[in-house]
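This report concerns only the one structure given below.
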There are 6 protein chains.
Amino acid sequence: MRTLRRFVQPLIRQALRDDIGRGDITTKTVIPPKRHIRARVYAKAPGILAGTQVAIWVFETADQRIHCSIKRRDGHAVRHKQVILVLQGPAHRILAAERTALNILAHLSGIATLTRRFVQRVRSSSVRIMDTRKTLPGLGLLEKYAVRVGGGYNHRMALDDGVLIKTNHLRTLTQDVSRKTQAIQAAIRQARRRLPGKVIEVEVTGLREFRAALQARPHVIMLDNCSLRTIRNAVRMRNRTAQTSRQPLLEVSGGVTLDNVQAIAKTGVDRISIGQLTHSAPALDVSLEVL
Amino acid sequence: MRTLRRFVQPLIRQALRDDIGRGDITTKTVIPPKRHIRARVYAKAPGILAGTQVAIWVFETADQRIHCSIKRRDGHAVRHKQVILVLQGPAHRILAAERTALNILAHLSGIATLTRRFVQRVRSSSVRIMDTRKTLPGLGLLEKYAVRVGGGYNHRMALDDGVLIKTNHLRTLTQDVSRKTQAIQAAIRQARRRLPGKVIEVEVTGLREFRAALQARPHVIMLDNCSLRTIRNAVRMRNRTAQTSRQPLLEVSGGVTLDNVQAIAKTGVDRISIGQLTHSAPALDVSLEVL
Amino acid sequence: MRTLRRFVQPLIRQALRDDIGRGDITTKTVIPPKRHIRARVYAKAPGILAGTQVAIWVFETADQRIHCSIKRRDGHAVRHKQVILVLQGPAHRILAAERTALNILAHLSGIATLTRRFVQRVRSSSVRIMDTRKTLPGLGLLEKYAVRVGGGYNHRMALDDGVLIKTNHLRTLTQDVSRKTQAIQAAIRQARRRLPGKVIEVEVTGLREFRAALQARPHVIMLDNCSLRTIRNAVRMRNRTAQTSRQPLLEVSGGVTLDNVQAIAKTGVDRISIGQLTHSAPALDVSLEVL
Amino acid sequence: MRTLRRFVQPLIRQALRDDIGRGDITTKTVIPPKRHIRARVYAKAPGILAGTQVAIWVFETADQRIHCSIKRRDGHAVRHKQVILVLQGPAHRILAAERTALNILAHLSGIATLTRRFVQRVRSSSVRIMDTRKTLPGLGLLEKYAVRVGGGYNHRMALDDGVLIKTNHLRTLTQDVSRKTQAIQAAIRQARRRLPGKVIEVEVTGLREFRAALQARPHVIMLDNCSLRTIRNAVRMRNRTAQTSRQPLLEVSGGVTLDNVQAIAKTGVDRISIGQLTHSAPALDVSLEVL
Amino acid sequence: MRTLRRFVQPLIRQALRDDIGRGDITTKTVIPPKRHIRARVYAKAPGILAGTQVAIWVFETADQRIHCSIKRRDGHAVRHKQVILVLQGPAHRILAAERTALNILAHLSGIATLTRRFVQRVRSSSVRIMDTRKTLPGLGLLEKYAVRVGGGYNHRMALDDGVLIKTNHLRTLTQDVSRKTQAIQAAIRQARRRLPGKVIEVEVTGLREFRAALQARPHVIMLDNCSLRTIRNAVRMRNRTAQTSRQPLLEVSGGVTLDNVQAIAKTGVDRISIGQLTHSAPALDVSLEVL
Amino acid sequence: MRTLRRFVQPLIRQALRDDIGRGDITTKTVIPPKRHIRARVYAKAPGILAGTQVAIWVFETADQRIHCSIKRRDGHAVRHKQVILVLQGPAHRILAAERTALNILAHLSGIATLTRRFVQRVRSSSVRIMDTRKTLPGLGLLEKYAVRVGGGYNHRMALDDGVLIKTNHLRTLTQDVSRKTQAIQAAIRQARRRLPGKVIEVEVTGLREFRAALQARPHVIMLDNCSLRTIRNAVRMRNRTAQTSRQPLLEVSGGVTLDNVQAIAKTGVDRISIGQLTHSAPALDVSLEVL
């Protein structure tokens, strides 16, 4: 949490600065300067909470005299009208920080809520629901935290965090489709030789490439936008070789929805990565009410 | 655009820093250092573009040698597979910046696309579709730009940008419900006296409050979470007094959806503000392909 | 005050850094390291105080162990030798921060003192003495605060804070003098249509332009460098139309001095804006003395 | 100039950011986006220019496409209506940067103008007119540059830039007035021993202290708020010992005005330091006009 | 190199700022302002170059008009008096940047030189010479780059870059020595389960711990401060199991010197990590001479 | 110490950020989140401590709950196994900050240890051992502090901190060797005239230049890379003139080692400056052990 805060604190300051600008002129004009209030943050729709602690950091950054007591923590399910935080402190500062705190809480809880829905769809299998690098600028670490809160796992945190050889890398190496399988194997081997301390993953788009990748033995093979049938075949091929030595994990990516995730899980793949978790999760409706 | 860039540039740097970390180890390991490529960014779903120029800034920030030519500009509708940008430059840097550029373009285009859908639902009226301050930390100005691209209008940019007296202000002033109408009028008058250079808006939740607000003559009255019937009554009351002098604009907020926005527009209100535009717009699916 | 501090704190840090550099070598060399002192900050000339709290922030930023007790607050008149602050704490840090604290206090009090003199000259009228954007880089918010302390009002805080159509805008639109009145009206209308949430002011330099502006009904008309006679005529024309609807406020700007401000006020204008308040106010003489 | 720019550039960025805020809404609304203009910056009062290059940096920072040609440089005297700069470029950016550029130019030229007046009063002697550390936060280096432009010399740039033992140091060391002369000598000796690479100056308030200081042989002795008679006596005492070895320079500080500076110079002191140069110089009136 | 520059550029700016301070007063005073010079940077002792490009960045950051041509590149051996860079540009800026550029070049070349000596001692084996996290604050990435230039390999770049379970972790988990072997195995398994995307290394201090670690099958086992005999036994134990499946790499750390590194290499371990490479490499003597 | 901390704090934050990256994954994975530990930092080799307080700042910056008690302070000699600090606090944060704290402590103690060795070699004379500007980027102030701790003195802190006319300045002024002595004298005089508040030093490389310098009477003359014989002659020449007035201090620089420093000291020079103190001091071996 400390490392997270170190990353989040500049964002909180920036967000407060952006939203308050040269001052909350409404509050300064209509509310007496020393007025203290109690207020509560509550859910207006059901969902999974994420970001309650971040919301508290926002209020505390706005004014150290704001006292926050947490009623429901990250990972908990809330129902409509359930209270999440109770605040006490100077009216001026609580009202000035309200929107920034709620915006973050709503966004992260939206991600956790959507992740949880995916996780529950596949709970009968041991597959892992994973996020992608499709996060918003400046918010990646928070969004990936929300995925974990929802029960998902994090894929690479950044481009330095593991090797992932994608189709665009292979197309850069060769325009000649017939040599693509060679390129896959060469790339995997080169990565293993030069980066012994890194996990190596490769993206394939069909069985021919998959077979080539399998021979070069990366740690993970990602099946990108493949049909269920292709996925099933890939799982079978992988399992056949699994007796003799440690075999690659299989990951499915592309076109995964709440509707098809269960079918994909049943193929026996190890991981399903879903961009939607972070780039298209609707916000959870949360609100602040002065008591 | 210059002022926007000034705000966006630190975000771009931060996002590239976050995503590249200590280096794109895959590309550095498998792609020869001086390789140049051509690539295109294209849509994988229909929508309205916003953020093409920002995406170009991302690539140019990553490396000045990347040359971007724009095929479809902000505000244009794209269809599946239509090309948005064509890039040329060092493979290492294009691939390192790809995700950051696409993440922003996808998010902003998602907002513009949703805004456009709302705008089209109400095109037979003169009502304005407006955003709210429910934006993501660090992304507010960009998200509000995307709303404009989609045909919407911006509400307050920040808390210093106009007076908006909300229920929480009134509750802070008085717990006594019977005195709420008095509080509304007092707050409006105080704001007018002390902030002659500012537009004054007040939020009401029913007709009784509305009537009180109307008498105090703010510039705008927002009807928060009111029924269609209440809205219609409010419009009628406002119009009745409109002969004698400039009367407040009416704004509807809360619970607006693509399904009910047309009915709300027909009541004759002037503005409809919608948080969903910025906090829950799904990303537009865009992709980069090496040519 | 909190929003102000947020803006001022980086300035305080920078100013201390600039003035202390690699260390206060005199104090480090001649004063024993743990010596504590009491000291007082006092006025050496009469004036109106502004910036006492900022001066305290400077000392507290330099060292949290410095205890400041405030004897006369912002807005109070001080006489020669009257004590403003009493300090207690480590000699090293009080002496290192002294100059930075006094420089700010002297500058802001100088502005408040000059503003108060203007305000007192016009106290028999209801005219408002206002500042301009002629502030020093980095100090604008503080200087505008000092104007308020002196009894003045703030004009636009920045270029985003209201529309002010000036002669340079009109000259940019047309070189043809005969079309200037048309340009004034067109600009006002365009601004009203596109920026419904903003107050609109226009600068005119004579009666012909004034008349054109009056017809387009902006919120404020500024008479720039006009003679008393022109001002009087403008007031009369404005008042004649005032029966039927809300009419623009009139503002005088340019060439205002302590000598002529009273005569200008008597014409019946609503606002007088004075650059001198912030760009040419002599510092108030304040000093720190170890007790 | 490079080192100066390095210090000034962040200030310029901050000042533009502060003044432009979220955008120059007037210009954006009434001026067509691609309009280019020519404009000139000219003096509306006579004075000495300082900061012309800084003003150019402001315009260039606002937009690299603004082309500035300089007509009169720092150090030159201008008369009413004389042109200082001619600008050419995008109207939007010239008008957005105008105020920030002029504010700096007006302030620095005001300082240079006042300095020049002091320098001319003493031109028949070889005395040096010097500034003090009474500068504004963030502007010190620029203000001290303007003093040099006006013909003055810079005193210490910061607390690390030479030893200056002041009355407050001595009061910190001893409350006992009778031991003050001992304290002066001890402090000078300690500084010389521990800081062999630094020039040592001591502030005295009367002849008794002066005599003590003279014996300890610092590099400079400052006569603070002394009468002309005391100054004359001090000069005489210093000169008497000057045969045998290098003797301290004498500096006068406190209460120096345009009226008495000539008389002070005639006493034969070497340096006169004047806070007013930087803290109370009225701005030079400069203006920008679209051509 | 681009990613490296992104990290290094703030350091370069800071270093120039620190070293130049308020200006290079010597050069400004004694050298005419527009004087241009040619100068060369050359070695005064034999060694391996690292940081030539960084030195160029320093000069270019100081002034874009400085033109640098590189005579010997990173990784090349230089002899006494051999020229490394030839510079051309404004005397003021070359002399102001000289020390900062040379300090970095000397430090990094010192590291590359020492690394090369270690690498050459073990060239008959396939062992890898690796660095540690014993780098200087702010300089880690540069120092690790210099190790690569010298022929070494980089260990973890940071604490997020792979799992390394050390004795201090185990002591935190249990004070009971008899349970240490269990703790080792538990920790390895937990890390494997929770961080499937990371390489797992464990530090052991003797054969008993080594055996326990071997059973839990981490990717790497580090033998910390072990005798040659222990190392040899460990290699033998590891090799015995190597037939059946991929076995851990062995790494030696602690007490490695130029004298014993060859003997350690001969035991058959895979990696030797050496703190001295970065924390105690003497600088290479390099100098700048005006031509 | 406060001024030092102001400079050091950003470095500490940066170093922790660099070393922890996105989080200490080992500790987070294998150590229970709330585990508290005691640990000690101790020496593994004899030396002089410097940086103990900085190390404490590192731990406190990482987590305010870490309590550090200091056992041996800066300037004290430690023996093998002697305890320097005892720490108590959250295991996660102590282990995450360990390396950063130790790296700084080891580097600074290495410098203090080497400085002390030089100082002890010359303790029979009154010569001062001084550092140079050959420090590492970002670490200069800390390294110069460590030199003071070891008993050395600081030369110029930066290029603004005194005039040092070097051979490169003279070569820039004239290529004609026969005019070098004139150039020396001219440069010294110019510096004295224009920078009366600064100490002036000149570097000479032989007796001819020395004689010229002596006549121009700078504050210090540096004999760069001169033979013992030359140094002795220079001392004699200087002393001969010393009767009549204050004569320059003599400084030796270049090629100074532990072997020859005593002989140099015996020549009677006043200062010996040694780059090796900061650029090539081996780190002191220090370690952290969980108790």
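Residue numbering restarts at 1 in every chain; chains get A, B, ... in the order shown in the structure tokens, and ligands count up from 1 in that same order.
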
Once chain B is superposed on chain F with a least-squares fit on all C-alpha pairs taken in order, can you show it as a short mmCIF file (atom, residue, chain, number, x, y, z; two decimals) with C-alpha atoms, in the first residue's frame?
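part21.cif, freshly written:
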data_model
loop_
_atom_site.label_atom_id
_atom_site.label_comp_id
_atom_site.auth_asym_id
_atom_site.auth_seq_id
_atom_site.Cartn_x
_atom_site.Cartn_y
_atom_site.Cartn_z
CA MET B 1 22.22 19.91 8.62
CA ARG B 2 18.84 21.41 7.62
CA THR B 3 20.24 22.91 4.45
CA LEU B 4 21.92 19.60 3.68
CA ARG B 5 18.66 17.75 4.20
CA ARG B 6 16.88 20.09 1.83
CA PHE B 7 19.36 19.13 -0.87
CA VAL B 8 19.43 15.45 0.01
CA GLN B 9 15.73 14.76 0.39
CA PRO B 10 14.90 14.71 -3.35
CA LEU B 11 17.87 12.40 -3.90
CA ILE B 12 16.63 10.05 -1.20
CA ARG B 13 13.17 9.95 -2.72
CA GLN B 14 14.59 9.33 -6.17
CA ALA B 15 16.91 6.60 -4.93
CA LEU B 16 14.11 4.81 -3.09
CA ARG B 17 11.89 5.13 -6.14
CA ASP B 18 14.59 3.76 -8.40
CA ASP B 19 15.41 0.82 -6.17
CA ILE B 20 11.90 -0.14 -5.13
CA GLY B 21 10.34 0.43 -8.55
CA ARG B 22 6.80 -0.92 -8.63
CA GLY B 23 7.34 -2.63 -5.27
CA ASP B 24 9.59 -5.03 -3.35
CA ILE B 25 7.93 -8.15 -4.68
CA THR B 26 10.01 -10.55 -2.61
CA THR B 27 9.12 -9.05 0.71
CA LYS B 28 5.51 -8.50 -0.26
CA THR B 29 5.22 -12.14 -1.22
CA VAL B 30 7.07 -13.94 1.54
CA ILE B 31 6.75 -11.70 4.64
CA PRO B 32 3.38 -11.22 6.41
CA PRO B 33 2.23 -7.60 5.93
CA LYS B 34 2.25 -6.41 9.54
CA ARG B 35 5.43 -8.11 10.75
CA HIS B 36 7.73 -5.81 12.76
CA ILE B 37 11.45 -6.43 13.16
CA ARG B 38 14.53 -5.16 14.89
CA ALA B 39 17.68 -4.89 12.84
CA ARG B 40 21.14 -3.45 13.13
CA VAL B 41 23.47 -1.79 10.70
CA TYR B 42 27.08 -2.66 11.41
CA ALA B 43 30.52 -2.29 9.89
CA LYS B 44 32.28 -5.21 8.24
CA ALA B 45 35.58 -3.31 7.97
CA PRO B 46 37.28 -0.54 9.95
CA GLY B 47 36.77 3.08 8.87
CA ILE B 48 35.41 6.53 9.63
CA LEU B 49 31.63 6.95 9.56
CA ALA B 50 29.89 9.56 7.46
CA GLY B 51 26.24 9.58 6.43
CA THR B 52 24.66 7.94 9.47
CA GLN B 53 22.11 10.73 9.68
CA VAL B 54 21.44 10.48 5.94
CA ALA B 55 20.87 6.74 6.31
CA ILE B 56 18.34 7.49 9.04
CA TRP B 57 16.61 9.96 6.73
CA VAL B 58 16.35 7.21 4.13
CA PHE B 59 14.63 4.86 6.55
CA GLU B 60 12.35 7.61 7.85
CA THR B 61 11.47 8.65 4.32
CA ALA B 62 10.59 5.07 3.49
CA ASP B 63 8.31 4.88 6.52
CA GLN B 64 7.81 7.25 9.42
CA ARG B 65 7.15 4.30 11.69
CA ILE B 66 10.74 3.09 11.44
CA HIS B 67 12.52 4.07 14.62
CA CYS B 68 16.30 4.46 14.31
CA SER B 69 18.67 4.78 17.22
CA ILE B 70 22.18 5.80 16.40
CA LYS B 71 25.06 3.99 18.09
CA ARG B 72 28.02 5.64 16.40
CA ARG B 73 27.95 9.05 14.81
CA ASP B 74 29.61 10.70 11.84
CA GLY B 75 33.32 11.21 12.41
CA HIS B 76 33.68 8.22 14.72
CA ALA B 77 36.02 5.38 13.84
CA VAL B 78 34.34 1.97 13.66
CA ARG B 79 35.90 -1.45 13.88
CA HIS B 80 34.75 -4.65 12.23
CA LYS B 81 31.37 -5.80 13.61
CA GLN B 82 30.68 -2.58 15.51
CA VAL B 83 27.05 -1.55 15.43
CA ILE B 84 26.19 1.81 13.83
CA LEU B 85 22.38 1.94 13.89
CA VAL B 86 19.63 -0.09 15.50
CA LEU B 87 16.30 -0.05 13.69
CA GLN B 88 12.82 -1.06 14.69
CA GLY B 89 9.73 -1.02 12.53
CA PRO B 90 7.71 -2.71 9.79
CA ALA B 91 9.76 -5.46 8.12
CA HIS B 92 8.40 -4.56 4.68
CA ARG B 93 9.70 -1.03 4.78
CA ILE B 94 13.02 -1.64 6.52
CA LEU B 95 13.94 -4.30 3.97
CA ALA B 96 12.78 -2.13 1.06
CA ALA B 97 14.93 0.81 2.20
CA GLU B 98 17.96 -1.23 3.33
CA ARG B 99 20.00 -1.10 0.14
CA THR B 100 19.46 2.61 -0.54
CA ALA B 101 20.45 3.53 3.01
CA LEU B 102 23.52 1.30 3.01
CA ASN B 103 24.68 2.45 -0.41
CA ILE B 104 24.84 6.07 0.76
CA LEU B 105 26.39 5.24 4.12
CA ALA B 106 29.03 3.02 2.51
CA HIS B 107 29.97 5.63 -0.09
CA LEU B 108 30.21 8.57 2.30
CA SER B 109 32.05 6.57 4.94
CA GLY B 110 34.47 5.46 2.25
CA ILE B 111 35.23 9.10 1.48
CA ALA B 112 35.58 10.05 5.15
CA THR B 113 37.88 7.07 5.71
CA LEU B 114 40.18 7.97 2.84
CA THR B 115 40.20 11.64 3.81
CA ARG B 116 41.14 10.76 7.36
CA ARG B 117 44.07 8.70 6.07
CA PHE B 118 45.39 11.66 4.12
CA VAL B 119 44.83 14.00 7.06
CA GLN B 120 46.74 11.71 9.37
CA ARG B 121 49.71 11.53 7.02
CA VAL B 122 50.12 15.31 7.25
CA ARG B 123 49.16 15.87 10.85
CA SER B 124 52.62 17.15 11.77
CA SER B 125 52.13 20.14 9.45
CA SER B 126 49.40 22.78 9.35
CA VAL B 127 48.55 22.07 5.72
CA ARG B 128 44.87 21.64 4.82
CA ILE B 129 43.68 18.59 2.89
CA MET B 130 41.01 19.80 0.47
CA ASP B 131 38.61 18.22 -1.96
CA THR B 132 37.94 19.24 -5.57
CA ARG B 133 34.87 19.56 -7.81
CA LYS B 134 35.50 15.96 -8.98
CA THR B 135 32.30 14.73 -7.37
CA LEU B 136 29.50 12.55 -8.70
CA PRO B 137 26.39 14.08 -10.27
CA GLY B 138 23.80 14.80 -7.59
CA LEU B 139 26.11 13.76 -4.77
CA GLY B 140 28.51 16.71 -4.56
CA LEU B 141 27.23 18.31 -1.37
CA LEU B 142 27.11 14.97 0.41
CA GLU B 143 30.58 14.00 -0.73
CA LYS B 144 31.97 17.35 0.36
CA TYR B 145 30.27 16.89 3.71
CA ALA B 146 32.01 13.50 4.06
CA VAL B 147 35.35 15.18 3.35
CA ARG B 148 34.72 17.59 6.22
CA VAL B 149 33.77 14.69 8.46
CA GLY B 150 37.09 13.07 7.62
CA GLY B 151 38.95 16.22 8.64
CA GLY B 152 39.37 17.75 5.21
CA TYR B 153 38.29 21.16 3.97
CA ASN B 154 36.09 22.08 1.05
CA HIS B 155 37.40 23.84 -2.01
CA ARG B 156 34.87 25.75 -4.14
CA MET B 157 31.37 24.29 -3.79
CA ALA B 158 30.48 25.33 -7.34
CA LEU B 159 31.56 27.59 -10.16
CA ASP B 160 29.87 30.60 -8.55
CA ASP B 161 31.82 30.16 -5.35
CA GLY B 162 35.08 31.95 -6.03
CA VAL B 163 37.30 32.67 -9.01
CA LEU B 164 39.73 29.99 -10.17
CA ILE B 165 41.64 30.95 -13.30
CA LYS B 166 42.88 27.72 -14.87
CA THR B 167 45.17 26.85 -17.73
CA ASN B 168 42.18 26.28 -19.99
CA HIS B 169 41.06 29.87 -19.39
CA LEU B 170 44.49 31.15 -20.31
CA ARG B 171 44.67 28.96 -23.40
CA THR B 172 41.29 30.33 -24.42
CA LEU B 173 42.64 33.85 -24.05
CA THR B 174 45.86 33.30 -25.93
CA GLN B 175 47.46 30.54 -27.94
CA ASP B 176 50.76 32.36 -27.77
CA VAL B 177 52.78 30.78 -24.96
CA SER B 178 55.06 33.78 -24.66
CA ARG B 179 52.11 35.91 -23.65
CA LYS B 180 50.79 33.54 -21.03
CA THR B 181 52.34 35.37 -18.11
CA GLN B 182 50.76 38.60 -19.24
CA ALA B 183 47.42 36.83 -19.59
CA ILE B 184 47.69 35.54 -16.01
CA GLN B 185 48.23 38.99 -14.64
CA ALA B 186 45.53 40.58 -16.75
CA ALA B 187 43.00 37.94 -15.74
CA ILE B 188 43.73 38.33 -12.03
CA ARG B 189 43.38 42.09 -12.22
CA GLN B 190 40.19 41.94 -14.20
CA ALA B 191 38.64 39.53 -11.72
CA ARG B 192 39.65 41.70 -8.77
CA ARG B 193 38.13 44.78 -10.37
CA ARG B 194 34.86 43.19 -11.40
CA LEU B 195 34.28 40.80 -8.50
CA PRO B 196 35.32 42.63 -5.36
CA GLY B 197 33.28 40.24 -3.23
CA LYS B 198 35.09 37.08 -4.36
CA VAL B 199 38.27 35.21 -3.48
CA ILE B 200 40.58 34.89 -6.49
CA GLU B 201 42.76 31.85 -7.18
CA VAL B 202 44.97 31.10 -10.17
CA GLU B 203 46.44 27.83 -11.40
CA VAL B 204 50.06 27.78 -12.61
CA THR B 205 52.14 24.98 -14.03
CA GLY B 206 55.69 26.24 -13.45
CA LEU B 207 57.83 28.86 -11.81
CA ARG B 208 57.65 31.36 -14.61
CA GLU B 209 53.90 31.52 -14.41
CA PHE B 210 54.09 31.42 -10.64
CA ARG B 211 56.25 34.52 -10.54
CA ALA B 212 53.84 36.39 -12.80
CA ALA B 213 50.90 35.35 -10.66
CA LEU B 214 52.68 36.39 -7.48
CA GLN B 215 53.09 39.92 -8.78
CA ALA B 216 49.37 40.23 -9.48
CA ARG B 217 48.57 39.21 -5.88
CA PRO B 218 45.63 36.81 -6.07
CA HIS B 219 44.36 35.28 -2.82
CA VAL B 220 45.56 31.77 -3.71
CA ILE B 221 47.99 30.28 -6.24
CA MET B 222 47.57 26.63 -7.18
CA LEU B 223 50.63 24.71 -8.33
CA ASP B 224 49.26 22.15 -10.72
CA ASN B 225 51.18 18.91 -11.27
CA CYS B 226 54.48 20.49 -10.24
CA SER B 227 57.57 18.67 -9.00
CA LEU B 228 58.51 18.82 -5.32
CA ARG B 229 61.42 21.01 -6.30
CA THR B 230 59.23 23.51 -8.06
CA ILE B 231 56.89 23.56 -5.10
CA ARG B 232 59.77 24.24 -2.72
CA ASN B 233 60.99 27.10 -4.88
CA ALA B 234 57.55 28.59 -5.06
CA VAL B 235 57.15 28.50 -1.30
CA ARG B 236 60.48 30.23 -0.92
CA MET B 237 59.61 32.98 -3.40
CA ARG B 238 56.26 33.55 -1.77
CA ASN B 239 57.73 33.74 1.73
CA ARG B 240 60.36 36.23 0.70
CA THR B 241 57.71 38.80 -0.14
CA ALA B 242 55.50 37.94 2.80
CA GLN B 243 56.94 40.53 5.11
CA THR B 244 55.46 43.56 3.48
CA SER B 245 51.85 42.54 2.99
CA ARG B 246 49.30 39.73 2.92
CA GLN B 247 50.61 37.20 0.42
CA PRO B 248 48.81 34.45 -1.51
CA LEU B 249 48.18 31.04 -0.02
CA LEU B 250 49.85 28.21 -1.96
CA GLU B 251 47.93 25.11 -3.01
CA VAL B 252 49.23 21.90 -4.56
CA SER B 253 47.05 19.85 -6.86
CA GLY B 254 47.50 16.88 -9.19
CA GLY B 255 49.17 13.55 -8.65
CA VAL B 256 48.83 13.59 -4.88
CA THR B 257 48.83 10.13 -3.27
CA LEU B 258 49.03 8.69 0.22
CA ASP B 259 52.68 8.01 -0.58
CA ASN B 260 53.77 11.52 -1.50
CA VAL B 261 51.38 13.70 0.48
CA GLN B 262 53.71 13.95 3.46
CA ALA B 263 56.61 15.15 1.35
CA ILE B 264 54.41 17.76 -0.27
CA ALA B 265 53.16 18.95 3.10
CA LYS B 266 56.73 19.43 4.25
CA THR B 267 57.44 21.98 1.53
CA GLY B 268 55.38 24.47 3.50
CA VAL B 269 52.42 24.86 1.16
CA ASP B 270 49.11 25.80 2.74
CA ARG B 271 46.65 23.53 0.97
CA ILE B 272 46.69 20.22 -0.90
CA SER B 273 43.66 19.39 -3.02
CA ILE B 274 42.99 15.78 -3.96
CA GLY B 275 40.37 14.56 -6.47
CA GLN B 276 40.76 10.97 -5.35
CA LEU B 277 39.03 11.78 -2.06
CA THR B 278 35.68 11.93 -3.79
CA HIS B 279 36.09 10.15 -7.13
CA SER B 280 37.97 7.03 -6.14
CA ALA B 281 37.39 6.27 -2.48
CA PRO B 282 36.39 2.61 -2.08
CA ALA B 283 33.12 2.09 -0.19
CA LEU B 284 33.22 1.11 3.47
CA ASP B 285 31.68 -2.34 3.90
CA VAL B 286 28.49 -1.98 5.98
CA SER B 287 25.66 -4.44 6.37
CA LEU B 288 22.16 -4.79 7.82
CA GLU B 289 21.16 -7.80 9.89
CA VAL B 290 17.70 -8.67 11.13
CA LEU B 291 17.89 -9.46 14.85
#

Could you tell me, as an NGL selection string, which residues of range 192-235 of chain C DSSP assigns to alpha helix (DSSP H) when given the backbone? :C and (192-194 or 207-216 or 228-235)
